[in-house]
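**Student:** Before I ask anything, let me first share the structure, which is written out below as structure tokens.
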Amino acid sequence: MTPDRAQFIRRIQELEETSWQNSQFLFTDFLNEAEYADVLSFGKAPCGMCAFGGHADAERVMVRFGNEEAFGYDVPFPIAALKISPLMEKYADDLTHRDYLGALLNLGIERRVLGDILVQSPTAYVFCTQTMAEYICENLTRVRHTDVRCTQVEDIPETVRPRLSERVIQVSSVRLDAVIAHVYNLSRSQAQELFRSQRVFVNGRLMENLTYAPGDGDLISVRKCGRFRYEEEERMTRKGKHSIRIGQYV
């Protein structure tokens with residue numbers, strides 16, 4: 001275990017213990033999939049625990065320790081949604097996720113205070129901790145060569161939310177490595193390397209068992225490749241292959 005990971009785990013354990021001892025809601029920063037998997041590995045928190053990233057199906061999430069049943073009151077997640085739009089749309093660059101992230105980090109803020117960045121050209125929506133919202137709105141004035149304005153919004157449009165594109169694929173075995181290889185057009189050995197490098201997650205938990213058989217509704221995430229939902233096995237083909245339906249996030 002690296003020193004950074006050990007320090008992260010200690011910090012999470014302290015939050016959980018403090019929340020329980022003081023009957024106080026406490027929140028993490030935004031976590032990536034590997035960090036969230038570490039949190040889930042601790043097991044059920046005595047004070048209750050849930051995760052949210054500002055919208056359904058968020059990749060980066062904030063974890064809240066505490067719940068209304070345990071404490072007798074409720075506190076919302078301190079997450080703000082910001083809209084970034086060009087001042088003059090006809091002169092705007094074709095900006096990417098990398099462009100927006102780079103501009104935000106150039107403000108001197110850390111990645112941990114930022115959630116998902118959803119791009120719908122010529123605008124983008126970014127989730128951040130509530131305490132950083134005003135600073136970002138005041139200081140983010142340019143992304144690459146494009147002058148922009150940044151405003152806080154109550155919600156994001158449905159059209160910008162991640163959506164599922166349904167596919168039916170045929171695999172020789174309903175093992176997770178075989179399914180991943182087909183979904184991302186990889187060889188079986190390339191898919192297996194993803195497990196060895198700890199890049200595969202199922203329902204937020206790190207998955208190292210490459211023979212795992214996905215269940216209906218499992219959310220499968222492969223870092224640097226994408227995410228998809230295993231819907232169901234529909235039938236066996238005449239050639240003995242499994243015909244399965246997935247929903248791939250686009």
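All residue names refer to the structure tokens as shown: chains lettered A, B, ... in order, residues numbered from 1 in each chain, ligands numbered from 1 in order.
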Tell me which protein, DNA and RNA residues are within 12 Å of Leu206 of chain A, counting only C-alpha atoms, leaving out same-chain ones fewer than 4 positions away, and put them as a PDB file with C-alpha atoms, in the first residue's frame.
**Tutor:**
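The result, written out as around24.pdb:
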```pdb
ATOM      1  CA  ASN A  32     -12.544   8.593  -7.999  1.00  0.00           C
ATOM      2  CA  GLU A  33     -13.556   4.961  -8.480  1.00  0.00           C
ATOM      3  CA  ALA A  34     -10.491   3.489  -6.782  1.00  0.00           C
ATOM      4  CA  GLU A  35     -10.958   5.720  -3.728  1.00  0.00           C
ATOM      5  CA  TYR A  36     -14.659   4.926  -3.531  1.00  0.00           C
ATOM      6  CA  ALA A  37     -13.832   1.223  -3.758  1.00  0.00           C
ATOM      7  CA  ASP A  38     -11.554   1.646  -0.716  1.00  0.00           C
ATOM      8  CA  VAL A  39     -14.415   3.262   1.199  1.00  0.00           C
ATOM      9  CA  LEU A  40     -16.777   0.412   0.319  1.00  0.00           C
ATOM     10  CA  SER A  41     -14.173  -2.123   1.428  1.00  0.00           C
ATOM     11  CA  LEU A 194      -7.059  -4.584 -16.832  1.00  0.00           C
ATOM     12  CA  PHE A 195      -7.848  -6.760 -13.805  1.00  0.00           C
ATOM     13  CA  ARG A 196      -4.192  -7.087 -12.864  1.00  0.00           C
ATOM     14  CA  SER A 197      -3.747  -3.308 -13.035  1.00  0.00           C
ATOM     15  CA  GLN A 198      -6.860  -2.811 -10.830  1.00  0.00           C
ATOM     16  CA  ARG A 199      -8.867  -0.888 -13.392  1.00  0.00           C
ATOM     17  CA  VAL A 200     -12.092  -2.898 -13.241  1.00  0.00           C
ATOM     18  CA  PHE A 201     -14.935  -2.036 -10.843  1.00  0.00           C
ATOM     19  CA  VAL A 202     -18.353  -3.613 -10.382  1.00  0.00           C
ATOM     20  CA  LEU A 210     -11.774 -12.101 -13.979  1.00  0.00           C
ATOM     21  CA  TYR A 212     -16.848 -13.219 -12.231  1.00  0.00           C
ATOM     22  CA  LEU A 219     -22.635  -1.446 -13.325  1.00  0.00           C
ATOM     23  CA  ILE A 220     -19.200  -2.224 -14.736  1.00  0.00           C
ATOM     24  CA  SER A 221     -16.574   0.484 -14.963  1.00  0.00           C
ATOM     25  CA  VAL A 222     -13.167   0.164 -16.598  1.00  0.00           C
ATOM     26  CA  ARG A 223     -10.852   3.071 -15.881  1.00  0.00           C
TER      27      ARG A 223
END
```
**Student:** Give the alpha helix (DSSP H) residues of segment 29-240 of chain A, as assigned by DSSP on the backbone, as a VMD selection string.
**Tutor:** chain A and resid 33 to 41 68 to 71 97 to 105 130 to 139 176 to 183 188 to 196
**Student:** Which is closest to Glu134 of chain A among A:Val63, A:Leu164, A:Ala81, A:Leu87, if we use only C-alpha atoms?
**Tutor:** A:Ala81
**Student:** For Thr129 of chain A, find every residue with an atom within 9 Å (counting only C-alpha atoms), except residues of its own chain fewer than 5 positions away, and show them as an MDAnalysis selection string.
**Tutor:** chainID A and resid 29:30 77:81 112:115
**Student:** Separation of atom CA of Ser187 of chain A and atom CA of Arg227 of chain A, in Å?
**Tutor:**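 Calculated distance between atom CA of Ser187 of chain A and atom CA of Arg227 of chain A is 18.0 Å.
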**Student:** What's the 10 Å shell around Phe25 of chain A, counting only C-alpha atoms, without same-chain residues fewer than 5 positions away, as a VMD selection string?
**Tutor:** chain A and resid 15 to 16 18 to 20 47 to 49 64 to 68 71 73 to 77
**Student:** With distances taken over only C-alpha atoms, which residue among A:Arg142, A:Lys90, A:Arg167, A:Arg60 lies nearest Leu107 of chain A?
**Tutor:**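 Of all the options, A:Arg142 lies closest to Leu107 of chain A.
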**Student:** DSSP on the backbone: which residues in segment 59-181 of chain A end up as strand (DSSP E or B)? Give the answer as a PyMOL selection string.
**Tutor:** chain A and resi 61-65+79-86+114-120+123-129+142-143+146-153+164-171
**Student:** Could you check how far atom CA of Tyr135 of chain A sits from atom CA of Gln152 of chain A, in Å to one decimal?
**Tutor:** 11.1 Å
**Student:** Hey, which of A:Cys225, A:Ala124, A:Ala56, A:Met207 ends up closest to Lys83 of chain A? Count only C-alpha atoms.
**Tutor:** A:Ala124
**Student:** As a list in words, please: the residues near Glu89 of chain A (cut-off 12 Å, only C-alpha atoms, same-chain neighbours under 5 positions excluded).
**Tutor:** Ile84, Asp94, Leu95, Ser121, Pro122, Thr123, Thr146, Asp147, Val148 and Arg149 of chain A
**Student:** Determine, counting only C-alpha atoms, which protein, DNA and RNA residues have an atom within 8 Å of an atom of Glu233 of chain A; residues of the same chain fewer than 6 positions away are not included. Present the result as a PyMOL selection string.
**Tutor:** chain A and resi 242-245
**Student:** Between A:His145, A:Ile246, A:Ile117, A:Arg238, which residue has the minimum interatomic distance to Gly215 of chain A, considering only C-alpha atoms?
**Tutor:** A:Ile246
**Student:** What does the distance between atom CA of Leu140 of chain A and atom CA of Asp155 of chain A come to in Å, to one decimal place?
**Tutor:**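 Those two atoms sit 19.6 Å apart.
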